[in-house]
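Enquirer: Next comes my_file.pdb, PDB, C-alpha atoms and all ligand atoms:
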ATOM      1  CA  MET A  12     151.843 139.114 131.937
ATOM      2  CA  GLN A  13     150.570 139.976 135.445
ATOM      3  CA  ASP A  14     154.187 139.705 136.621
ATOM      4  CA  THR A  15     155.428 142.402 134.221
ATOM      5  CA  PRO A  16     155.755 145.621 136.232
ATOM      6  CA  GLY A  17     153.455 148.343 134.930
ATOM      7  CA  THR A  18     150.767 145.950 133.724
ATOM      8  CA  VAL A  19     147.214 147.302 133.586
ATOM      9  CA  ALA A  20     144.204 145.009 133.998
ATOM     10  CA  VAL A  21     141.368 146.019 131.676
ATOM     11  CA  LEU A  22     138.028 144.695 132.951
ATOM     12  CA  ALA A  23     135.114 145.116 130.548
ATOM     13  CA  THR A  24     131.459 145.403 131.554
ATOM     14  CA  GLY A  25     129.754 146.626 128.349
ATOM     15  CA  GLY A  26     128.224 150.048 127.683
ATOM     16  CA  THR A  27     128.232 152.335 124.668
ATOM     17  CA  ILE A  28     132.025 152.100 124.509
ATOM     18  CA  ALA A  29     131.355 148.521 123.355
ATOM     19  CA  GLY A  30     128.239 149.474 121.372
ATOM     20  CA  THR A  31     127.576 149.170 117.651
ATOM     21  CA  ALA A  32     125.101 150.764 115.243
ATOM     22  CA  ALA A  33     124.156 149.869 111.668
ATOM     23  CA  SER A  34     125.288 153.296 110.438
ATOM     24  CA  ALA A  35     128.334 155.402 111.310
ATOM     25  CA  THR A  36     126.093 158.472 111.563
ATOM     26  CA  ASP A  37     123.728 156.898 114.092
ATOM     27  CA  ASN A  38     124.733 158.027 117.584
ATOM     28  CA  ILE A  39     121.591 157.004 119.440
ATOM     29  CA  GLY A  40     120.011 154.025 117.658
ATOM     30  CA  TYR A  41     122.771 151.587 118.592
ATOM     31  CA  SER A  42     123.009 148.493 120.764
ATOM     32  CA  ALA A  43     125.264 148.851 123.801
ATOM     33  CA  ALA A  44     127.578 146.053 124.988
ATOM     34  CA  GLN A  45     128.296 144.274 121.683
ATOM     35  CA  LEU A  46     132.119 144.222 121.383
ATOM     36  CA  GLY A  47     134.386 142.197 123.621
ATOM     37  CA  VAL A  48     137.289 143.580 125.608
ATOM     38  CA  GLN A  49     139.937 142.529 123.067
ATOM     39  CA  ALA A  50     138.164 144.455 120.292
ATOM     40  CA  LEU A  51     138.136 147.580 122.468
ATOM     41  CA  VAL A  52     141.873 147.276 123.123
ATOM     42  CA  ASP A  53     142.656 146.479 119.473
ATOM     43  CA  ALA A  54     140.933 149.720 118.417
ATOM     44  CA  VAL A  55     143.677 151.717 120.174
ATOM     45  CA  PRO A  56     146.974 151.246 118.280
ATOM     46  CA  ALA A  57     148.862 153.209 120.960
ATOM     47  CA  LEU A  58     148.131 150.397 123.434
ATOM     48  CA  ALA A  59     150.055 147.866 121.338
ATOM     49  CA  GLY A  60     153.243 148.115 123.412
ATOM     50  CA  VAL A  61     151.565 148.468 126.804
ATOM     51  CA  PRO A  62     151.446 145.377 129.060
ATOM     52  CA  LEU A  63     147.768 144.578 129.594
ATOM     53  CA  VAL A  64     145.690 141.719 130.910
ATOM     54  CA  THR A  65     142.059 141.698 129.838
ATOM     55  CA  GLU A  66     138.945 140.200 131.324
ATOM     56  CA  GLN A  67     135.281 140.318 130.298
ATOM     57  CA  VAL A  68     133.529 140.640 133.661
ATOM     58  CA  ALA A  69     130.061 141.420 132.268
ATOM     59  CA  GLN A  70     128.449 142.532 129.019
ATOM     60  CA  LEU A  71     125.499 144.825 129.682
ATOM     61  CA  ASP A  72     123.901 148.188 129.072
ATOM     62  CA  SER A  73     124.686 149.894 132.369
ATOM     63  CA  LYS A  74     121.057 150.941 132.867
ATOM     64  CA  ASP A  75     120.651 147.276 133.822
ATOM     65  CA  MET A  76     123.511 147.255 136.351
ATOM     66  CA  ASP A  77     122.713 145.144 139.406
ATOM     67  CA  PHE A  78     124.160 144.091 142.742
ATOM     68  CA  ALA A  79     125.425 140.712 141.488
ATOM     69  CA  VAL A  80     127.554 142.399 138.800
ATOM     70  CA  TRP A  81     128.850 144.920 141.340
ATOM     71  CA  ALA A  82     129.884 142.092 143.668
ATOM     72  CA  THR A  83     131.662 140.199 140.872
ATOM     73  CA  LEU A  84     133.331 143.368 139.599
ATOM     74  CA  ALA A  85     134.501 144.453 143.057
ATOM     75  CA  ALA A  86     135.978 140.978 143.661
ATOM     76  CA  ARG A  87     137.772 140.961 140.294
ATOM     77  CA  VAL A  88     139.149 144.479 140.837
ATOM     78  CA  ALA A  89     140.402 143.456 144.300
ATOM     79  CA  HIS A  90     141.990 140.327 142.833
ATOM     80  CA  GLN A  91     143.802 142.252 140.098
ATOM     81  CA  LEU A  92     144.997 144.965 142.476
ATOM     82  CA  ALA A  93     146.520 142.289 144.708
ATOM     83  CA  GLN A  94     148.829 141.084 141.893
ATOM     84  CA  PRO A  95     152.294 142.621 142.354
ATOM     85  CA  GLY A  96     152.803 143.366 138.636
ATOM     86  CA  ILE A  97     149.475 145.152 138.258
ATOM     87  CA  THR A  98     149.935 148.900 138.482
ATOM     88  CA  GLY A  99     146.275 149.788 138.045
ATOM     89  CA  VAL A 100     142.891 148.653 136.764
ATOM     90  CA  VAL A 101     140.748 150.083 133.971
ATOM     91  CA  ILE A 102     137.038 149.261 133.845
ATOM     92  CA  THR A 103     135.109 149.868 130.640
ATOM     93  CA  HIS A 104     131.532 150.747 131.562
ATOM     94  CA  GLY A 105     128.365 152.379 130.286
ATOM     95  CA  THR A 106     127.914 156.048 131.106
ATOM     96  CA  ASP A 107     124.390 155.770 132.510
ATOM     97  CA  THR A 108     125.264 154.290 135.912
ATOM     98  CA  LEU A 109     129.007 154.923 135.859
ATOM     99  CA  GLU A 110     128.765 157.265 138.840
ATOM    100  CA  GLU A 111     127.076 154.561 140.927
ATOM    101  CA  THR A 112     129.668 151.888 140.132
ATOM    102  CA  ALA A 113     132.496 154.363 140.746
ATOM    103  CA  TYR A 114     131.066 155.313 144.143
ATOM    104  CA  VAL A 115     130.419 151.760 145.328
ATOM    105  CA  LEU A 116     133.918 150.611 144.312
ATOM    106  CA  GLN A 117     135.566 153.548 146.070
ATOM    107  CA  ARG A 118     133.608 152.911 149.265
ATOM    108  CA  LEU A 119     134.278 149.160 149.243
ATOM    109  CA  LEU A 120     137.924 149.192 148.137
ATOM    110  CA  ALA A 121     139.369 152.744 148.521
ATOM    111  CA  PRO A 122     142.284 151.299 146.542
ATOM    112  CA  ALA A 123     145.905 152.263 147.024
ATOM    113  CA  LYS A 124     146.398 151.827 143.252
ATOM    114  CA  PRO A 125     144.389 153.621 140.534
ATOM    115  CA  VAL A 126     141.106 152.121 139.326
ATOM    116  CA  VAL A 127     139.845 154.075 136.327
ATOM    117  CA  LEU A 128     136.429 153.824 134.705
ATOM    118  CA  ALA A 129     136.426 154.522 130.981
ATOM    119  CA  ALA A 130     133.248 155.020 128.973
ATOM    120  CA  ALA A 131     131.976 156.631 125.804
ATOM    121  CA  MET A 132     129.030 158.704 124.670
ATOM    122  CA  ARG A 133     129.301 157.451 121.074
ATOM    123  CA  PRO A 134     129.249 153.819 119.962
ATOM    124  CA  ALA A 135     132.362 152.149 118.587
ATOM    125  CA  THR A 136     130.954 152.442 115.046
ATOM    126  CA  ALA A 137     130.401 156.244 115.146
ATOM    127  CA  LEU A 138     132.263 158.660 112.894
ATOM    128  CA  LEU A 139     133.405 160.593 115.958
ATOM    129  CA  ARG A 140     133.839 157.767 118.444
ATOM    130  CA  ASP A 141     135.224 158.820 121.814
ATOM    131  CA  GLY A 142     135.800 155.369 123.298
ATOM    132  CA  PRO A 143     139.353 154.688 122.010
ATOM    133  CA  GLN A 144     140.755 158.012 123.306
ATOM    134  CA  ASN A 145     138.968 157.581 126.645
ATOM    135  CA  LEU A 146     140.364 154.043 126.972
ATOM    136  CA  LEU A 147     143.877 155.251 126.159
ATOM    137  CA  ASP A 148     143.569 158.069 128.705
ATOM    138  CA  ALA A 149     142.299 155.604 131.322
ATOM    139  CA  VAL A 150     145.317 153.327 130.775
ATOM    140  CA  THR A 151     147.605 156.384 131.013
ATOM    141  CA  LEU A 152     146.023 157.295 134.356
ATOM    142  CA  ALA A 153     146.197 153.700 135.584
ATOM    143  CA  ARG A 154     149.984 153.817 135.019
ATOM    144  CA  GLU A 155     150.505 157.253 136.568
ATOM    145  CA  PRO A 156     153.073 157.014 139.397
ATOM    146  CA  GLY A 157     151.475 157.714 142.783
ATOM    147  CA  ALA A 158     147.894 157.663 141.503
ATOM    148  CA  ARG A 159     145.309 155.910 143.678
ATOM    149  CA  GLY A 160     141.597 155.633 144.232
ATOM    150  CA  VAL A 161     138.642 155.132 141.915
ATOM    151  CA  MET A 162     138.278 157.689 139.136
ATOM    152  CA  ALA A 163     136.556 158.159 135.787
ATOM    153  CA  VAL A 164     138.032 159.684 132.674
ATOM    154  CA  LEU A 165     136.028 161.040 129.754
ATOM    155  CA  ALA A 166     136.784 163.751 127.217
ATOM    156  CA  GLY A 167     140.220 164.379 128.736
ATOM    157  CA  THR A 168     138.847 165.149 132.198
ATOM    158  CA  VAL A 169     139.439 163.003 135.283
ATOM    159  CA  HIS A 170     136.723 162.874 137.952
ATOM    160  CA  SER A 171     136.953 161.420 141.451
ATOM    161  CA  ALA A 172     134.518 158.593 142.223
ATOM    162  CA  LEU A 173     133.357 160.689 145.169
ATOM    163  CA  ASP A 174     132.215 163.549 142.920
ATOM    164  CA  VAL A 175     131.541 162.250 139.433
ATOM    165  CA  ARG A 176     128.060 162.601 137.948
ATOM    166  CA  LYS A 177     126.577 162.447 134.471
ATOM    167  CA  VAL A 178     125.380 165.949 133.644
ATOM    168  CA  HIS A 179     124.430 165.724 129.978
ATOM    169  CA  SER A 180     122.383 163.177 128.072
ATOM    170  CA  TYR A 181     124.107 163.579 124.686
ATOM    171  CA  ARG A 182     127.258 165.727 124.695
ATOM    172  CA  VAL A 183     130.584 163.883 124.451
ATOM    173  CA  ASP A 184     131.827 165.875 127.463
ATOM    174  CA  ALA A 185     128.931 164.565 129.546
ATOM    175  CA  PHE A 186     130.375 164.354 133.065
ATOM    176  CA  GLY A 187     131.034 166.797 135.878
ATOM    177  CA  SER A 188     132.394 166.802 139.417
ATOM    178  CA  GLY A 189     129.934 169.249 140.984
ATOM    179  CA  ASP A 190     131.345 171.845 143.364
ATOM    180  CA  ALA A 191     134.569 169.865 143.793
ATOM    181  CA  GLY A 192     135.656 170.352 140.190
ATOM    182  CA  PRO A 193     137.724 167.945 138.111
ATOM    183  CA  LEU A 194     140.570 165.958 139.636
ATOM    184  CA  ALA A 195     142.918 166.175 136.659
ATOM    185  CA  ARG A 196     143.189 166.634 132.920
ATOM    186  CA  ILE A 197     144.852 164.272 130.506
ATOM    187  CA  GLU A 198     146.588 166.134 127.732
ATOM    188  CA  GLU A 199     148.720 164.468 125.051
ATOM    189  CA  GLY A 200     149.280 161.418 127.231
ATOM    190  CA  ARG A 201     150.242 163.421 130.315
ATOM    191  CA  VAL A 202     148.282 163.729 133.560
ATOM    192  CA  ARG A 203     147.922 167.284 134.905
ATOM    193  CA  ARG A 204     146.632 166.812 138.440
ATOM    194  CA  LEU A 205     144.506 169.576 139.962
ATOM    195  CA  ARG A 206     143.798 168.141 143.417
ATOM    196  CA  GLU A 207     144.315 165.136 145.680
ATOM    197  CA  TRP A 208     143.578 161.579 144.612
ATOM    198  CA  PRO A 209     140.368 160.079 146.089
ATOM    199  CA  ALA A 210     140.998 158.591 149.528
ATOM    200  CA  GLY A 211     139.141 157.090 152.473
ATOM    201  CA  GLU A 212     138.822 153.984 154.590
ATOM    202  CA  PRO A 213     137.647 150.940 152.616
ATOM    203  CA  LEU A 214     134.565 149.168 153.960
ATOM    204  CA  GLY A 215     135.939 145.915 152.527
ATOM    205  CA  LEU A 216     134.292 143.169 150.531
ATOM    206  CA  ASP A 217     133.024 141.460 153.700
ATOM    207  CA  CYS A 218     130.465 144.260 153.834
ATOM    208  CA  ILE A 219     128.655 142.772 150.811
ATOM    209  CA  ALA A 220     129.574 139.118 151.405
ATOM    210  CA  LYS A 221     126.063 138.092 152.488
ATOM    211  CA  GLY A 222     124.800 139.118 149.078
ATOM    212  CA  GLU A 223     121.569 140.678 150.319
ATOM    213  CA  TRP A 224     121.412 144.341 149.504
ATOM    214  CA  PRO A 225     118.714 146.070 151.571
ATOM    215  CA  TRP A 226     115.831 147.618 149.699
ATOM    216  CA  VAL A 227     116.388 151.385 149.525
ATOM    217  CA  GLU A 228     114.312 153.582 147.222
ATOM    218  CA  LEU A 229     114.675 157.113 145.902
ATOM    219  CA  VAL A 230     111.732 159.502 146.047
ATOM    220  CA  THR A 231     111.520 163.117 144.887
ATOM    221  CA  SER A 232     109.807 166.146 146.347
ATOM    222  CA  HIS A 233     107.944 168.329 143.863
ATOM    223  CA  ALA A 234     104.863 170.468 143.465
ATOM    224  CA  GLY A 235     101.746 168.513 144.340
ATOM    225  CA  ALA A 236     103.731 165.673 145.992
ATOM    226  CA  ARG A 237     101.552 162.990 147.595
ATOM    227  CA  PRO A 238     102.228 160.753 150.617
ATOM    228  CA  ASP A 239     100.738 157.606 149.072
ATOM    229  CA  GLY A 240     103.866 156.355 147.310
ATOM    230  CA  VAL A 241     105.969 156.456 150.478
ATOM    231  CA  ARG A 242     103.214 154.750 152.484
ATOM    232  CA  ALA A 243     102.985 151.984 149.862
ATOM    233  CA  LEU A 244     106.763 151.467 149.984
ATOM    234  CA  VAL A 245     106.723 151.211 153.781
ATOM    235  CA  ALA A 246     103.817 148.748 153.644
ATOM    236  CA  ALA A 247     105.794 146.685 151.105
ATOM    237  CA  GLY A 248     108.811 146.454 153.415
ATOM    238  CA  VAL A 249     111.277 149.073 152.177
ATOM    239  CA  LYS A 250     114.265 149.423 154.523
ATOM    240  CA  GLY A 251     115.514 152.853 153.547
ATOM    241  CA  LEU A 252     114.337 155.949 151.686
ATOM    242  CA  VAL A 253     116.451 158.693 150.161
ATOM    243  CA  VAL A 254     114.455 161.758 149.266
ATOM    244  CA  ALA A 255     115.680 164.253 146.703
ATOM    245  CA  GLY A 256     114.283 167.459 148.162
ATOM    246  CA  THR A 257     114.047 170.928 146.729
ATOM    247  CA  GLY A 258     116.836 173.455 147.359
ATOM    248  CA  ASN A 259     118.468 172.759 150.736
ATOM    249  CA  GLY A 260     116.582 169.471 151.043
ATOM    250  CA  SER A 261     113.188 171.032 151.804
ATOM    251  CA  LEU A 262     110.153 168.798 151.313
ATOM    252  CA  HIS A 263     106.530 169.232 150.293
ATOM    253  CA  HIS A 264     104.565 169.026 153.544
ATOM    254  CA  ALA A 265     102.505 166.004 152.436
ATOM    255  CA  LEU A 266     105.599 164.015 151.467
ATOM    256  CA  GLU A 267     107.459 165.114 154.597
ATOM    257  CA  ALA A 268     104.635 163.854 156.816
ATOM    258  CA  ALA A 269     104.776 160.426 155.150
ATOM    259  CA  LEU A 270     108.581 160.312 155.465
ATOM    260  CA  ILE A 271     108.420 161.180 159.171
ATOM    261  CA  GLU A 272     105.843 158.381 159.601
ATOM    262  CA  ALA A 273     108.205 156.029 157.736
ATOM    263  CA  GLN A 274     111.090 156.998 159.995
ATOM    264  CA  ALA A 275     108.936 156.384 163.073
ATOM    265  CA  ALA A 276     108.107 152.937 161.651
ATOM    266  CA  GLY A 277     111.831 152.046 161.539
ATOM    267  CA  VAL A 278     112.701 152.970 157.945
ATOM    268  CA  THR A 279     115.936 154.978 157.636
ATOM    269  CA  VAL A 280     115.237 158.217 155.770
ATOM    270  CA  TRP A 281     117.927 160.567 154.415
ATOM    271  CA  ARG A 282     117.458 163.929 152.728
ATOM    272  CA  THR A 283     119.424 165.007 149.652
ATOM    273  CA  THR A 284     118.784 167.738 147.105
ATOM    274  CA  ARG A 285     117.514 167.541 143.561
ATOM    275  CA  CYS A 286     119.761 170.553 142.783
ATOM    276  CA  LEU A 287     122.613 169.522 140.516
ATOM    277  CA  ASP A 288     125.292 170.894 142.848
ATOM    278  CA  GLY A 289     125.606 171.706 146.527
ATOM    279  CA  PRO A 290     125.040 169.917 149.847
ATOM    280  CA  VAL A 291     122.003 169.749 152.118
ATOM    281  CA  GLN A 292     123.073 171.799 155.114
ATOM    282  CA  ALA A 293     121.669 170.382 158.339
ATOM    283  CA  THR A 294     119.942 172.526 160.970
ATOM    284  CA  PRO A 295     119.071 171.639 164.587
ATOM    285  CA  ALA A 296     115.369 171.724 163.668
ATOM    286  CA  ASP A 297     115.652 168.930 161.073
ATOM    287  CA  GLN A 298     113.418 165.928 161.671
ATOM    288  CA  LEU A 299     114.990 163.969 158.825
ATOM    289  CA  PRO A 300     118.797 163.772 158.594
ATOM    290  CA  SER A 301     120.768 165.242 155.725
ATOM    291  CA  ALA A 302     123.057 163.099 153.568
ATOM    292  CA  GLY A 303     125.470 166.038 153.346
ATOM    293  CA  THR A 304     127.213 166.386 150.004
ATOM    294  CA  LEU A 305     126.069 163.026 148.630
ATOM    295  CA  THR A 306     123.992 163.081 145.473
ATOM    296  CA  PRO A 307     120.713 161.141 145.645
ATOM    297  CA  VAL A 308     122.181 158.073 143.911
ATOM    298  CA  GLN A 309     125.327 158.169 146.045
ATOM    299  CA  ALA A 310     123.236 158.503 149.208
ATOM    300  CA  ARG A 311     121.173 155.474 148.210
ATOM    301  CA  ILE A 312     124.343 153.375 147.814
ATOM    302  CA  GLU A 313     125.803 154.704 151.065
ATOM    303  CA  LEU A 314     122.599 153.883 152.926
ATOM    304  CA  MET A 315     122.502 150.343 151.509
ATOM    305  CA  LEU A 316     126.124 149.803 152.571
ATOM    306  CA  GLN A 317     125.472 151.184 156.044
ATOM    307  CA  LEU A 318     122.354 149.039 156.491
ATOM    308  CA  MET A 319     124.329 145.971 155.354
ATOM    309  CA  ARG A 320     127.036 146.672 157.924
ATOM    310  CA  THR A 321     124.540 146.881 160.757
TER     311      THR A 321
HETATM  312  C1  LIG B 401     125.160 152.370 129.043
HETATM  313  O1  LIG B 401     125.170 153.092 130.041
HETATM  314  O2  LIG B 401     125.557 151.186 129.072
HETATM  315  C2  LIG B 401     124.626 152.879 127.749
HETATM  316  C3  LIG B 401     124.818 154.330 127.580
HETATM  317  C4  LIG B 401     126.254 154.746 127.534
HETATM  318  O3  LIG B 401     127.194 154.019 127.794
HETATM  319  O4  LIG B 401     126.448 155.943 127.194
END
How would this structure read if it were set down as structure tokens?

Expert:
Amino acid sequence: MQDTPGTVAVLATGGTIAGTAASATDNIGYSAAQLGVQALVDAVPALAGVPLVTEQVAQLDSKDMDFAVWATLAARVAHQLAQPGITGVVITHGTDTLEETAYVLQRLLAPAKPVVLAAAMRPATALLRDGPQNLLDAVTLAREPGARGVMAVLAGTVHSALDVRKVHSYRVDAFGSGDAGPLARIEEGRVRRLREWPAGEPLGLDCIAKGEWPWVELVTSHAGARPDGVRALVAAGVKGLVVAGTGNGSLHHALEAALIEAQAAGVTVWRTTRCLDGPVQATPADQLPSAGTLTPVQARIELMLQLMRT
């Protein structure tokens, strides 16, 4: 099948899209990652005539995503993209860490073909399940002529891997693209593109070949912040710290002092903002560098990748 032009590889990793509950009205008391990839595909009659290859890469609730699964997934995506008949890849995934997987895949692979993450906010047993439509839309996008880069599609909206973030804990339309806005809409099986496909230089899989991801933690600035947590992390051997500051990356003075100490001790420290949208704009007076437009979780991944490369 991989030789049939226009084939899409569907790689499954689990999530609510593959989740089941005892009752069709239970949207939160379900178990994620129960159904296999073939069951997900079979639930979408419109996919019956579409050439697909399927692969179960993992089966987990994405809150438990880890570096080993990322490495396996990145390798399988790269393998599928290298097949001449494969036009694009769809990855079924949980919503909770979708933005992290999307970002790491874009930075490692920056693919010239589309790689589309599909997820769902309702389990496969729900009365109003969103998984089948999201999967169909993802396959549509994976077959769109000229499309490239890592993206996510939920509720008819396409987000770039460089911008996507989960913005709601329950709503079906739970994702946003921050200041950048959505990349495209999918309407009645057609892609209406609003801006350029995600692009960039791939870091390549060699970047993660050693398998040791450096220890980088996230900390948050807030009222009454204390320095003790940062000092304990430095004493325990942390290699990098990403701080989610207030507003334009400002920090409580007690936390800032500990972070400056950490930096002096050789720990890489980056500032981001805990605001939902907007960058941290650097100034010449900054003692701790800004991570620019990266969200805290994106900055943590970027810092791990950079530390691995050096
Ligand atoms: C998960 O992230 O795997 C569970 C939650 C979800 O997919 O919405």

Enquirer: Can you tell me, as a PyMOL selection string, what residues are no more than 12 Å from Glu111 of chain A when counting all atoms listed in the file, ignoring any on the same chain fewer than 2 positions away?

Expert: chain A and resi 73-74+76-78+81+104-109+113-118+128+161-163+172-177+305-313

Enquirer: Enumerate, as a tab-separated table (two decimals) with C-alpha atoms, in the coordinates of the input, the residues matched when the PyMOL selection byres (((chain A and resi 202) around 12) and not hetatm) is run on the file above.

Expert:
chain	number	residue	atom	x	y	z
A	148	ASP	CA	143.57	158.07	128.71
A	149	ALA	CA	142.30	155.60	131.32
A	150	VAL	CA	145.32	153.33	130.78
A	151	THR	CA	147.60	156.38	131.01
A	152	LEU	CA	146.02	157.29	134.36
A	153	ALA	CA	146.20	153.70	135.58
A	154	ARG	CA	149.98	153.82	135.02
A	155	GLU	CA	150.50	157.25	136.57
A	156	PRO	CA	153.07	157.01	139.40
A	157	GLY	CA	151.48	157.71	142.78
A	158	ALA	CA	147.89	157.66	141.50
A	164	VAL	CA	138.03	159.68	132.67
A	167	GLY	CA	140.22	164.38	128.74
A	168	THR	CA	138.85	165.15	132.20
A	169	VAL	CA	139.44	163.00	135.28
A	194	LEU	CA	140.57	165.96	139.64
A	195	ALA	CA	142.92	166.18	136.66
A	196	ARG	CA	143.19	166.63	132.92
A	197	ILE	CA	144.85	164.27	130.51
A	198	GLU	CA	146.59	166.13	127.73
A	199	GLU	CA	148.72	164.47	125.05
A	200	GLY	CA	149.28	161.42	127.23
A	201	ARG	CA	150.24	163.42	130.32
A	203	ARG	CA	147.92	167.28	134.90
A	204	ARG	CA	146.63	166.81	138.44
A	205	LEU	CA	144.51	169.58	139.96
A	206	ARG	CA	143.80	168.14	143.42

Enquirer: When distances are computed from only C-alpha atoms and all ligand atoms, which of A:Thr83, A:Ser180, A:Thr65, A:Thr98 shows the smallest separation from ligand LIG 401 (chain B)?

Expert: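 Smallest distance to ligand LIG 401 (chain B) is found for A:Ser180.
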
Enquirer: Name the residues, using the chain letters and numbers of the file, that sit within 12 Å of (135.7, 141.6, 153.2) when counting only C-alpha atoms, and give them as a list in words.

Expert: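 Using only C-alpha atoms, the matching residues come out as Ala82, Ala85, Ala86, Ala89, Leu119, Leu120, Pro213, Leu214, Gly215, Leu216, Asp217, Cys218, Ile219, Ala220, Lys221, Gly222 and Arg320 of chain A.
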
Enquirer: Can you tell me how far atom CA of Ala130 of chain A sits from atom CA of Ala33 of chain A, in Å to one decimal?

Expert: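 Between atom CA of Ala130 of chain A and atom CA of Ala33 of chain A the gap works out to 20.2 Å.
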